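Next comes protein_15.cif, a file with mmCIF, C-alpha atoms.
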```cif
data_upload
loop_
_atom_site.label_atom_id
_atom_site.label_comp_id
_atom_site.auth_asym_id
_atom_site.auth_seq_id
_atom_site.Cartn_x
_atom_site.Cartn_y
_atom_site.Cartn_z
CA MET A 213 0.00 0.00 0.00
CA THR A 214 1.55 3.28 -1.07
CA PRO A 215 0.22 6.73 -0.21
CA SER A 216 -0.57 7.42 -3.85
CA THR A 217 -2.86 4.42 -4.23
CA ARG A 218 -4.63 5.22 -0.99
CA GLN A 219 -5.37 8.68 -2.29
CA GLU A 220 -6.70 7.17 -5.49
CA GLY A 221 -9.02 4.93 -3.48
CA THR A 222 -10.33 7.91 -1.53
CA GLN A 223 -10.93 9.82 -4.68
CA MET A 224 -12.78 6.97 -6.28
CA ALA A 225 -15.17 6.56 -3.40
CA THR A 226 -15.90 10.22 -2.73
CA GLU A 227 -16.46 11.14 -6.38
CA THR A 228 -19.83 12.83 -6.57
CA LYS A 229 -22.32 10.64 -8.36
CA PRO A 230 -24.56 12.17 -10.99
CA ALA A 231 -28.16 12.72 -9.89
CA ALA A 232 -30.42 9.73 -10.52
CA PRO A 233 -31.90 9.97 -14.02
CA ALA A 234 -35.61 10.61 -14.42
CA GLU A 235 -37.29 7.22 -14.58
CA ASP A 236 -39.72 6.02 -17.23
CA PRO A 237 -43.05 6.69 -15.45
CA VAL A 238 -44.72 3.58 -16.89
CA LYS A 239 -41.91 1.27 -15.76
CA LEU A 240 -41.77 2.99 -12.38
CA ALA A 241 -45.52 2.54 -11.82
CA GLU A 242 -45.24 -1.12 -12.83
CA PHE A 243 -42.31 -1.59 -10.43
CA GLU A 244 -44.12 0.05 -7.52
CA ALA A 245 -47.21 -2.06 -8.21
CA ARG A 246 -45.01 -5.16 -7.98
CA CYS A 247 -43.63 -3.96 -4.62
CA ASP A 248 -47.18 -3.28 -3.39
CA ARG A 249 -48.27 -6.78 -4.36
CA GLY A 250 -45.41 -8.16 -2.29
CA GLU A 251 -43.56 -9.59 -5.28
CA THR A 252 -39.83 -10.23 -5.03
CA ILE A 253 -37.53 -8.10 -7.15
CA GLU A 254 -34.67 -10.12 -8.66
CA PRO A 255 -31.28 -8.88 -9.94
CA LYS A 256 -32.13 -8.84 -13.65
CA ASP A 257 -35.57 -7.23 -13.20
CA TRP A 258 -36.05 -3.58 -14.10
CA MET A 259 -35.67 -1.34 -11.04
CA PRO A 260 -35.44 2.43 -10.55
CA GLU A 261 -31.86 3.69 -10.30
CA LYS A 262 -32.63 5.10 -6.87
CA TYR A 263 -33.75 1.67 -5.60
CA ARG A 264 -30.49 0.19 -6.87
CA ARG A 265 -28.43 2.93 -5.20
CA GLN A 266 -30.30 2.91 -1.90
CA LEU A 267 -30.01 -0.86 -1.68
CA THR A 268 -26.33 -0.85 -2.62
CA ARG A 269 -25.71 1.71 0.13
CA MET A 270 -27.81 -0.09 2.72
CA MET A 271 -26.62 -3.63 1.94
CA SER A 272 -22.93 -2.71 1.72
CA GLN A 273 -23.15 -0.80 5.02
CA HIS A 274 -24.71 -3.90 6.51
CA ALA A 275 -21.91 -6.10 5.12
CA HIS A 276 -19.20 -3.74 6.40
CA SER A 277 -20.88 -3.79 9.83
CA GLU A 278 -20.75 -7.58 10.00
CA VAL A 279 -17.04 -7.57 9.21
CA VAL A 280 -16.05 -4.70 11.52
CA GLY A 281 -18.19 -6.39 14.19
CA MET A 282 -15.56 -9.13 14.36
CA LEU A 283 -13.10 -6.68 15.98
CA PRO A 284 -14.69 -5.82 19.36
CA GLU A 285 -15.40 -9.49 20.07
CA GLY A 286 -12.20 -10.85 18.55
CA ASN A 287 -10.50 -8.66 21.17
CA TRP A 288 -11.55 -11.15 23.87
CA ILE A 289 -10.91 -14.54 22.22
CA THR A 290 -7.52 -15.05 23.85
CA ARG A 291 -8.90 -14.05 27.25
CA ALA A 292 -12.09 -16.12 27.34
CA PRO A 293 -12.39 -17.61 30.85
CA ASN A 294 -12.81 -21.23 29.74
CA LEU A 295 -12.70 -23.46 26.68
CA ARG A 296 -16.48 -23.58 26.20
CA ARG A 297 -16.77 -19.80 26.09
CA LYS A 298 -13.74 -19.60 23.83
CA MET A 299 -15.22 -22.05 21.30
CA CYS A 300 -18.53 -20.15 21.34
CA LEU A 301 -16.79 -16.84 20.76
CA ILE A 302 -14.60 -18.13 17.92
CA ALA A 303 -17.67 -19.63 16.22
CA LYS A 304 -19.60 -16.38 16.64
CA VAL A 305 -16.81 -14.22 15.25
CA GLN A 306 -16.46 -16.62 12.31
CA ASP A 307 -20.23 -16.34 11.70
CA GLU A 308 -19.94 -12.55 11.54
CA GLY A 309 -17.34 -12.88 8.79
CA GLY A 310 -19.64 -15.30 6.97
CA HIS A 311 -22.57 -12.89 7.31
CA GLY A 312 -20.48 -10.15 5.75
CA LEU A 313 -19.75 -12.45 2.81
CA TYR A 314 -23.43 -13.41 2.33
CA ILE A 315 -24.37 -9.75 2.12
CA TYR A 316 -21.46 -8.72 -0.11
CA CYS A 317 -22.54 -11.50 -2.45
CA GLY A 318 -26.11 -10.14 -2.44
CA THR A 319 -24.91 -6.57 -2.96
CA GLU A 320 -22.81 -7.56 -5.97
CA THR A 321 -25.97 -8.65 -7.80
CA LEU A 322 -26.86 -4.94 -7.96
CA GLY A 323 -23.84 -4.34 -10.17
CA THR A 324 -21.00 -3.15 -7.89
CA ASP A 325 -18.32 -5.68 -7.20
CA ARG A 326 -16.92 -6.54 -3.82
CA THR A 327 -13.49 -5.02 -4.36
CA GLU A 328 -15.07 -1.64 -5.01
CA LEU A 329 -17.45 -1.94 -2.04
CA ILE A 330 -14.55 -2.79 0.28
CA ASP A 331 -12.50 0.08 -1.15
CA GLN A 332 -15.36 2.48 -0.44
CA TYR A 333 -15.32 1.32 3.15
CA LEU A 334 -11.55 1.10 3.78
CA TYR A 335 -10.46 4.18 1.84
CA GLY A 336 -13.63 6.14 1.20
CA THR A 337 -16.76 7.37 2.89
CA ALA A 338 -18.88 4.22 3.26
CA LYS A 339 -20.35 3.82 6.74
CA TYR A 340 -20.96 0.89 9.08
CA SER A 341 -23.11 0.52 12.18
CA SER A 342 -22.27 3.06 14.89
CA ILE A 343 -22.39 0.35 17.58
CA PHE A 344 -19.00 -1.08 16.62
CA ASN A 345 -17.25 2.15 17.51
CA TYR A 346 -17.57 1.40 21.22
CA PRO A 347 -14.84 -0.49 23.10
CA THR A 348 -15.20 -3.91 24.77
CA LEU A 349 -13.74 -3.06 28.18
CA THR A 350 -14.55 -6.22 30.15
CA TRP A 351 -15.46 -9.86 29.54
CA ALA A 352 -19.07 -8.99 30.40
CA ASP A 353 -19.19 -6.84 27.26
CA ILE A 354 -19.03 -10.05 25.21
CA GLY A 355 -22.22 -11.29 26.85
CA VAL A 356 -23.97 -7.94 26.54
CA ILE A 357 -23.05 -7.63 22.84
CA GLY A 358 -24.63 -11.02 22.14
CA TRP A 359 -27.73 -10.23 24.16
CA LEU A 360 -28.35 -6.57 23.27
CA VAL A 361 -26.47 -5.85 20.04
CA ASP A 362 -27.32 -9.13 18.34
CA GLY A 363 -30.78 -8.96 19.89
CA ALA A 364 -31.33 -5.58 18.25
CA ALA A 365 -29.87 -6.87 14.99
CA ILE A 366 -32.31 -9.81 15.02
CA VAL A 367 -35.30 -7.46 15.36
CA ASN A 368 -34.07 -5.51 12.35
CA GLN A 369 -33.05 -8.51 10.28
CA THR A 370 -36.26 -10.44 10.90
CA MET A 371 -38.02 -7.57 9.14
CA LEU A 372 -35.40 -7.47 6.36
CA ALA A 373 -35.96 -11.18 5.70
CA HIS A 374 -39.16 -9.93 3.98
CA ALA A 375 -37.37 -7.21 1.98
CA SER A 376 -38.56 -6.76 -1.60
CA TYR A 377 -35.09 -7.47 -3.02
CA GLY A 378 -34.69 -11.25 -3.29
CA PRO A 379 -30.92 -11.59 -2.71
CA TYR A 380 -31.11 -9.38 0.40
CA ALA A 381 -34.10 -11.24 1.83
CA ARG A 382 -32.47 -14.63 1.23
CA ALA A 383 -29.22 -13.52 2.91
CA MET A 384 -31.26 -12.30 5.90
CA ILE A 385 -33.10 -15.62 6.29
CA ARG A 386 -29.76 -17.41 6.41
CA ILE A 387 -28.38 -14.86 8.90
CA CYS A 388 -31.42 -14.87 11.21
CA LYS A 389 -31.10 -18.63 11.68
CA GLU A 390 -27.53 -18.15 12.90
CA GLU A 391 -28.05 -14.97 14.95
CA ASN A 392 -30.26 -16.77 17.43
CA PHE A 393 -27.20 -18.67 18.63
CA HIS A 394 -25.39 -15.34 19.03
CA LYS A 395 -28.11 -13.90 21.21
CA ARG A 396 -28.61 -17.02 23.31
CA GLN A 397 -24.93 -17.46 24.10
CA GLY A 398 -24.73 -13.77 25.09
CA TYR A 399 -27.78 -13.91 27.32
CA GLU A 400 -26.54 -17.10 28.95
CA LEU A 401 -23.20 -15.42 29.65
CA CYS A 402 -24.97 -12.40 31.21
CA ALA A 403 -27.23 -14.62 33.30
CA THR A 404 -24.21 -16.56 34.57
CA LEU A 405 -22.38 -13.39 35.62
CA ALA A 406 -25.56 -11.90 37.13
CA ARG A 407 -25.88 -14.83 39.54
CA GLY A 408 -22.13 -14.94 40.24
CA THR A 409 -20.05 -13.07 42.80
CA PRO A 410 -20.92 -9.46 43.65
CA ALA A 411 -17.96 -8.36 41.51
CA GLN A 412 -19.24 -10.38 38.53
CA LYS A 413 -22.72 -8.98 38.92
CA ALA A 414 -21.34 -5.43 39.11
CA MET A 415 -19.27 -6.08 35.99
CA VAL A 416 -22.23 -7.24 33.91
CA GLN A 417 -24.44 -4.40 35.20
CA ASP A 418 -21.73 -1.91 34.20
CA ALA A 419 -21.57 -3.43 30.72
CA VAL A 420 -25.37 -3.20 30.36
CA ASN A 421 -25.22 0.43 31.46
CA ARG A 422 -22.67 1.24 28.76
CA TRP A 423 -24.28 -0.72 25.90
CA TRP A 424 -27.99 -0.02 26.43
CA TRP A 425 -28.24 3.39 24.80
CA PRO A 426 -25.87 2.63 21.90
CA SER A 427 -28.02 -0.50 21.24
CA LEU A 428 -31.16 1.66 20.97
CA MET A 429 -29.28 3.94 18.55
CA MET A 430 -28.68 0.96 16.25
CA PHE A 431 -32.20 1.37 14.87
CA GLY A 432 -31.24 4.76 13.44
CA PRO A 433 -32.73 8.23 13.77
CA HIS A 434 -36.35 8.97 14.62
CA ASP A 435 -38.74 8.39 11.70
CA THR A 436 -39.20 12.14 11.38
CA ASN A 437 -35.46 12.57 10.93
CA SER A 438 -34.56 9.56 8.78
CA PRO A 439 -33.61 10.70 5.26
CA HIS A 440 -33.87 7.32 3.51
CA SER A 441 -36.86 5.80 5.30
CA ALA A 442 -39.66 6.97 3.00
CA ASP A 443 -38.22 5.39 -0.15
CA LEU A 444 -37.23 2.21 1.65
CA LEU A 445 -40.71 1.82 3.14
CA ARG A 446 -42.50 2.63 -0.12
CA TRP A 447 -40.44 0.06 -1.99
CA LYS A 448 -40.92 -2.52 0.76
CA VAL A 449 -37.22 -2.89 1.50
CA LYS A 450 -38.36 -2.13 5.04
CA GLN A 451 -41.83 -2.84 6.35
CA LYS A 452 -41.47 -1.13 9.71
CA SER A 453 -40.07 2.21 10.76
CA ASN A 454 -36.98 2.74 12.93
CA ASP A 455 -39.11 3.80 15.91
CA ASP A 456 -41.44 0.79 15.61
CA LEU A 457 -38.50 -1.60 15.55
CA ARG A 458 -36.83 0.16 18.49
CA GLN A 459 -40.03 -0.12 20.53
CA ARG A 460 -40.29 -3.82 19.71
CA PHE A 461 -36.71 -4.35 20.90
CA VAL A 462 -37.36 -2.53 24.19
CA ASN A 463 -40.55 -4.54 24.78
CA LEU A 464 -38.67 -7.80 24.25
CA THR A 465 -35.63 -6.85 26.30
CA VAL A 466 -37.05 -5.36 29.53
CA PRO A 467 -38.49 -8.68 30.76
CA GLN A 468 -35.24 -10.43 29.84
CA ALA A 469 -33.28 -7.99 32.02
CA GLN A 470 -35.75 -8.42 34.88
CA ALA A 471 -35.50 -12.21 34.66
CA ILE A 472 -31.77 -12.13 35.42
CA GLY A 473 -31.92 -9.32 37.98
CA LEU A 474 -30.28 -6.58 35.92
CA THR A 475 -31.53 -3.02 35.48
CA LEU A 476 -31.53 -0.84 32.38
CA PRO A 477 -30.04 2.65 32.77
CA ASP A 478 -33.15 4.70 32.01
CA PRO A 479 -35.09 6.40 34.84
CA ASP A 480 -37.99 7.05 32.44
CA LEU A 481 -38.48 3.38 31.56
CA LYS A 482 -42.01 2.35 32.59
CA LEU A 483 -44.77 0.04 31.46
CA ASP A 484 -47.67 1.76 29.74
CA GLU A 485 -50.66 -0.21 31.06
CA THR A 486 -52.98 0.62 28.17
CA SER A 487 -50.65 -0.27 25.28
CA GLY A 488 -48.63 -2.90 27.16
CA GLU A 489 -45.47 -1.22 25.84
CA TRP A 490 -42.37 -0.14 27.71
CA LYS A 491 -41.98 3.61 27.33
CA PHE A 492 -38.39 4.82 27.41
CA GLY A 493 -36.51 8.11 27.72
CA GLU A 494 -35.07 10.26 24.95
CA ILE A 495 -31.92 9.09 23.18
CA ASP A 496 -28.90 11.40 23.21
CA TRP A 497 -28.78 12.07 19.48
CA SER A 498 -25.72 14.29 19.79
CA GLU A 499 -23.74 11.18 20.80
CA PHE A 500 -25.21 9.22 17.86
CA ASN A 501 -24.31 12.00 15.40
CA ALA A 502 -20.79 12.32 16.79
CA VAL A 503 -20.16 8.57 16.37
CA ILE A 504 -21.62 8.56 12.84
CA ALA A 505 -19.38 11.53 11.99
CA GLY A 506 -16.32 9.50 12.95
CA ASN A 507 -15.78 10.74 16.50
CA GLY A 508 -16.84 7.73 18.54
CA PRO A 509 -14.42 6.18 21.01
CA MET A 510 -13.11 3.56 18.55
CA ASN A 511 -13.75 4.88 15.00
CA ARG A 512 -10.10 5.49 14.12
CA GLU A 513 -8.84 2.28 15.68
CA ARG A 514 -11.46 0.15 13.89
CA ILE A 515 -10.69 1.48 10.43
CA ALA A 516 -6.95 1.23 11.06
CA ALA A 517 -7.33 -2.41 12.15
CA ARG A 518 -9.40 -3.26 9.07
CA ARG A 519 -6.94 -1.57 6.70
CA LYS A 520 -4.03 -3.38 8.31
CA ALA A 521 -5.78 -6.76 8.03
CA HIS A 522 -6.68 -6.09 4.39
CA GLU A 523 -3.22 -4.89 3.42
CA ASP A 524 -1.37 -7.58 5.39
CA GLY A 525 -3.50 -10.16 3.56
CA ALA A 526 -2.60 -8.87 0.09
CA TRP A 527 0.21 -11.41 -0.35
CA VAL A 528 -2.24 -14.27 0.25
CA ARG A 529 -4.57 -12.98 -2.47
CA GLU A 530 -1.64 -12.48 -4.82
CA ALA A 531 -0.23 -15.93 -4.14
CA ALA A 532 -3.58 -17.63 -4.68
CA ALA A 533 -4.11 -15.75 -7.94
CA ALA A 534 -0.58 -16.64 -9.13
CA TYR A 535 -1.09 -20.29 -8.23
CA ALA A 536 -4.40 -20.40 -10.08
CA ALA A 537 -2.88 -18.75 -13.14
CA LYS A 538 -0.02 -21.24 -13.18
CA HIS A 539 -1.99 -24.44 -12.60
CA GLN A 540 -5.50 -23.80 -13.91
CA PRO A 541 -5.42 -21.10 -16.56
CA ALA A 542 -9.00 -21.96 -17.51
CA ALA A 543 -10.34 -20.85 -14.10
CA GLY A 544 -9.52 -17.24 -14.89
CA GLN A 545 -12.16 -17.28 -17.62
CA ALA A 546 -14.90 -17.79 -15.09
CA ALA A 547 -15.20 -14.10 -14.22
CA MET B 105 -12.55 -8.06 -12.65
CA SER B 106 -11.70 -4.72 -11.18
CA THR B 107 -8.48 -3.50 -9.66
CA GLY B 108 -8.70 -1.77 -6.32
CA PRO B 109 -6.07 -0.01 -4.24
CA ASN B 110 -4.83 -3.40 -3.03
CA GLY B 111 -3.44 -3.90 -6.52
CA VAL B 112 -5.07 -7.30 -7.09
CA GLY B 113 -8.15 -7.76 -9.21
CA GLU B 114 -11.18 -9.43 -7.66
CA TRP B 115 -11.11 -13.21 -7.94
CA PRO B 116 -13.63 -14.85 -10.30
CA LEU B 117 -17.17 -15.40 -9.05
CA TRP B 118 -18.63 -18.87 -8.47
CA GLU B 119 -22.24 -19.80 -7.75
CA VAL B 120 -22.65 -22.23 -4.86
CA PHE B 121 -25.21 -25.05 -4.66
CA THR B 122 -25.67 -27.09 -1.49
CA GLN B 123 -27.43 -30.41 -1.10
CA ALA B 124 -29.15 -30.87 2.26
CA PRO B 125 -29.09 -34.31 3.91
CA GLY B 126 -31.95 -36.71 3.17
CA GLY B 127 -31.78 -36.87 -0.61
CA LYS B 128 -32.79 -33.25 -1.22
CA PRO B 129 -31.92 -31.62 -4.55
CA HIS B 130 -28.97 -29.22 -4.81
CA GLU B 131 -30.18 -25.70 -4.13
CA HIS B 132 -28.58 -22.33 -4.86
CA ALA B 133 -27.04 -20.94 -1.66
CA GLY B 134 -25.17 -17.86 -2.87
CA SER B 135 -21.81 -17.12 -4.38
CA VAL B 136 -18.14 -16.88 -3.48
CA HIS B 137 -15.03 -15.37 -5.03
CA ALA B 138 -12.10 -17.71 -5.52
CA PRO B 139 -9.06 -17.90 -7.80
CA ASP B 140 -9.69 -21.53 -8.76
CA ALA B 141 -12.17 -24.39 -8.38
CA GLU B 142 -10.43 -25.99 -5.40
CA ILE B 143 -10.40 -22.80 -3.34
CA ALA B 144 -13.96 -22.04 -4.51
CA LEU B 145 -15.07 -25.35 -2.95
CA GLN B 146 -13.20 -24.61 0.29
CA ASN B 147 -14.57 -21.07 0.52
CA ALA B 148 -18.08 -22.33 -0.23
CA ARG B 149 -17.74 -24.91 2.56
CA ASP B 150 -16.58 -22.26 5.05
CA VAL B 151 -19.22 -19.70 4.08
CA TYR B 152 -22.32 -21.84 3.44
CA THR B 153 -21.97 -25.05 5.47
CA ARG B 154 -20.86 -24.13 8.99
CA ARG B 155 -23.73 -26.09 10.58
CA GLY B 156 -23.99 -29.34 8.68
CA GLU B 157 -26.30 -27.84 6.06
CA ALA B 158 -24.87 -29.92 3.24
CA VAL B 159 -23.72 -33.40 2.26
CA SER B 160 -22.63 -32.22 -1.18
CA LEU B 161 -21.46 -28.95 -2.72
CA TRP B 162 -21.32 -27.71 -6.30
CA VAL B 163 -19.48 -24.61 -7.42
CA VAL B 164 -20.07 -23.32 -10.93
CA PRO B 165 -18.33 -20.38 -12.63
CA SER B 166 -21.05 -17.69 -12.60
CA GLY B 167 -20.38 -16.88 -16.23
CA ALA B 168 -21.26 -20.45 -17.22
CA ILE B 169 -24.88 -20.10 -16.10
CA VAL B 170 -27.39 -19.42 -18.85
CA ALA B 171 -30.55 -17.77 -17.48
CA SER B 172 -33.96 -16.93 -18.92
CA ALA B 173 -34.57 -13.21 -19.31
CA PRO B 174 -37.09 -11.66 -16.87
CA GLY B 175 -38.55 -9.50 -19.65
CA ASP B 176 -39.47 -12.59 -21.64
CA ALA B 177 -40.90 -14.48 -18.67
CA GLY B 178 -44.50 -14.13 -19.92
CA PRO B 179 -44.16 -15.64 -23.40
CA PHE B 180 -41.32 -17.96 -22.38
CA PHE B 181 -43.35 -19.73 -19.69
CA ASP B 182 -46.65 -19.40 -21.51
CA PRO B 183 -46.70 -22.99 -22.84
CA GLY B 184 -46.98 -24.23 -19.26
CA ASN B 185 -49.50 -21.63 -18.06
CA ASP B 186 -52.51 -22.28 -20.30
CA LYS B 187 -52.97 -26.01 -19.79
CA PRO B 188 -55.19 -26.50 -16.75
CA TYR B 189 -55.85 -30.08 -17.91
CA ARG B 190 -52.37 -30.93 -16.64
CA HIS B 191 -53.65 -30.53 -13.06
CA PRO B 192 -55.82 -33.11 -11.27
CA GLN B 193 -58.33 -30.40 -10.23
CA PHE B 194 -59.37 -30.11 -13.91
CA TYR B 195 -61.17 -33.47 -13.67
CA LYS B 196 -64.50 -34.09 -11.97
CA THR B 197 -65.19 -37.19 -9.94
CA PRO B 198 -68.71 -38.52 -9.17
CA ARG B 199 -70.27 -37.05 -6.02
CA GLY B 200 -69.51 -39.10 -2.91
CA VAL B 201 -66.37 -40.74 -4.23
CA LYS B 202 -63.70 -40.15 -1.60
CA VAL B 203 -60.76 -42.17 -2.92
CA PHE B 204 -59.21 -38.97 -4.26
#
```
Mind converting the file's structure to structure tokens?
Amino acid sequence: MTPSTRQEGTQMATETKPAAPAEDPVKLAEFEARCDRGETIEPKDWMPEKYRRQLTRMMSQHAHSEVVGMLPEGNWITRAPNLRRKMCLIAKVQDEGGHGLYIYCGTETLGTDRTELIDQYLYGTAKYSSIFNYPTLTWADIGVIGWLVDGAAIVNQTMLAHASYGPYARAMIRICKEENFHKRQGYELCATLARGTPAQKAMVQDAVNRWWWPSLMMFGPHDTNSPHSADLLRWKVKQKSNDDLRQRFVNLTVPQAQAIGLTLPDPDLKLDETSGEWKFGEIDWSEFNAVIAGNGPMNRERIAARRKAHEDGAWVREAAAAYAAKHQPAAGQAA
Amino acid sequence: MSTGPNGVGEWPLWEVFTQAPGGKPHEHAGSVHAPDAEIALQNARDVYTRRGEAVSLWVVPSGAIVASAPGDAGPFFDPGNDKPYRHPQFYKTPRGVKVF
């Protein structure tokens, strides 16, 4: 990696894209009618340019998030307290890498290949979930990430398993099946610490206190302040709004916390008797915006770690390509 | 293939088909990038069969797949869509006969 190529990568990703062309109104109406009927849109079907762009943005962000999500948890693999926990954590981190690959593969069907998507993330302006910019300070964080962060991801991904775009929906179905293991192992870990020594209980409560609000932020801004939501809802990529999903997550999680004797750090949290929903306090959006803008506690470290891994792995990619060219020249024609 | 800042073009794309246990047919699972067939099989195993999902794997160079065009789906599949007499419901059975 030389400075000149890095600059080139940055340029490529930040290049301003031309405005989406005006769509053929007949084709657009036909497309929206298909979405309304709940039909699945497949890669070779006609789609508005804006649908393609929004999905490419959303799916690649999702893929980047899976991959960067390996870092905070990978941090604890060597320090897992016993072999069982260590095996669970290795398997979970490996799953996250796999999930990234499922979604990159789905995103590529929209016409941008993986190399370019990864370049946009490593050397450009592509985003990933704000949650992975927080540090994993104690072993209890590993449990809380599984329980809260993967729990929140499941709420979101269960909806996305019905997304109008076929490759995205199919990747989500595959992921949802595996995420349940992530959440269960995390909750089990939290429950174990919560009934442990006073120090263990204090450690897991501290981790919950730090991760609760960032987990609620994972669902994104309020509906009234979410720039992409209207299109995504109209085209049935999403079927529920950010606030609806967040409320569902809170409703599911409060009883889980109570069951293991942990509290959630929100003085305004209370059960609304009429709706049966848990009302919660206002999120600190200034923190959310600061993390999104690159000023979270771990933003710089995460991107540096990903770049290093990618660049240190270049020789492996080169060697594999050289080997393939030498031994199986025909394989190169597959692309 | 594109060349990114890492200097290496993207590896070729392979479509992955997995066969579930119990004599199920091979089903499309997704795709992987790999420089050759052997690594494509290994990558496909690592990405799509971490929980015993498959007893057999196929990887096929994506470019080798010939697909019907979505725009022609109507006329292309028409020969199979206008023949209700190919379905058992087309035929009446005498009232009271329950063998069906």
Neighbour list for stretch 309-317 of chain A as a PyMOL selection string, cut-off 7 Å, only C-alpha atoms, skip fewer than 4 positions in-chain
(chain A and resi 271-272+275-276+278-279+282+305+321+326+380+383+387) or (chain B and resi 134-135+151)
Identify, on the basis of all atoms listed in the file, every residue whose closest approach to A:Gly506 does not exceed 12 Å; exclude the query and any residue fewer than 5 positions from it along the same chain; express the result as a list of chain:residue names.
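Contacts, in chain order: A:Thr337, A:Ala338, A:Lys339, A:Tyr340, A:Ser341, A:Ser342, A:Ile343, A:Phe344, A:Asn345, A:Tyr346, A:Glu499, A:Phe500, A:Asn501, A:Asn511, A:Arg512, A:Glu513, A:Arg514, A:Ile515.
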Residues near A:Gly398, anyone? I mean within 7 Å using all atoms listed in the file, not counting same-chain ones fewer than 3 positions away, as a PDB file with C-alpha atoms, keeping the file's coordinate frame.
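Result saved to out-v8.pdb:
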```pdb
ATOM      1  CA  ILE A 354     -19.030 -10.050  25.210  1.00  0.00           C
ATOM      2  CA  GLY A 355     -22.220 -11.290  26.850  1.00  0.00           C
ATOM      3  CA  VAL A 356     -23.970  -7.940  26.540  1.00  0.00           C
ATOM      4  CA  ILE A 357     -23.050  -7.630  22.840  1.00  0.00           C
ATOM      5  CA  GLY A 358     -24.630 -11.020  22.140  1.00  0.00           C
ATOM      6  CA  TRP A 359     -27.730 -10.230  24.160  1.00  0.00           C
ATOM      7  CA  HIS A 394     -25.390 -15.340  19.030  1.00  0.00           C
ATOM      8  CA  LYS A 395     -28.110 -13.900  21.210  1.00  0.00           C
ATOM      9  CA  LEU A 401     -23.200 -15.420  29.650  1.00  0.00           C
ATOM     10  CA  CYS A 402     -24.970 -12.400  31.210  1.00  0.00           C
TER      11      CYS A 402
END
```
Evaluated on this file, the PyMOL selection byres ((chain A and resi 412) around 12) picks out some residues - which ones are they, written as JSON, numbers by chain?
{"A": [350, 351, 352, 353, 401, 402, 403, 404, 405, 406, 407, 408, 409, 410, 411, 413, 414, 415, 416, 417, 418, 419, 474]}
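Atom CA of A:Glu242 to atom CA of B:Asp182 spans 20.3 Å [interatomic distance, one decimal].
Computed from the coordinates, the atom CA of B:Pro183 to atom CA of A:Leu240 distance equals 28.4 Å.
Across the structure, atom CA of A:Leu295 and atom CA of A:Arg396 are spaced 17.5 Å apart.
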Using the chain letters and numbers from this file, what does the PyMOL selection byres ((chain B and resi 158) around 7) select? Give the answer as a ChimeraX atom specification.
/B:122-125,153,156-157,159-161
How would the residues just picked look written out with C-alpha atoms as a JSON list (two decimals), in the frame of the given file?
```
[["chain", "number", "residue", "atom", "x", "y", "z"],
["B", 122, "THR", "CA", -25.67, -27.09, -1.49],
["B", 123, "GLN", "CA", -27.43, -30.41, -1.10],
["B", 124, "ALA", "CA", -29.15, -30.87, 2.26],
["B", 125, "PRO", "CA", -29.09, -34.31, 3.91],
["B", 153, "THR", "CA", -21.97, -25.05, 5.47],
["B", 156, "GLY", "CA", -23.99, -29.34, 8.68],
["B", 157, "GLU", "CA", -26.30, -27.84, 6.06],
["B", 159, "VAL", "CA", -23.72, -33.40, 2.26],
["B", 160, "SER", "CA", -22.63, -32.22, -1.18],
["B", 161, "LEU", "CA", -21.46, -28.95, -2.72]]
```
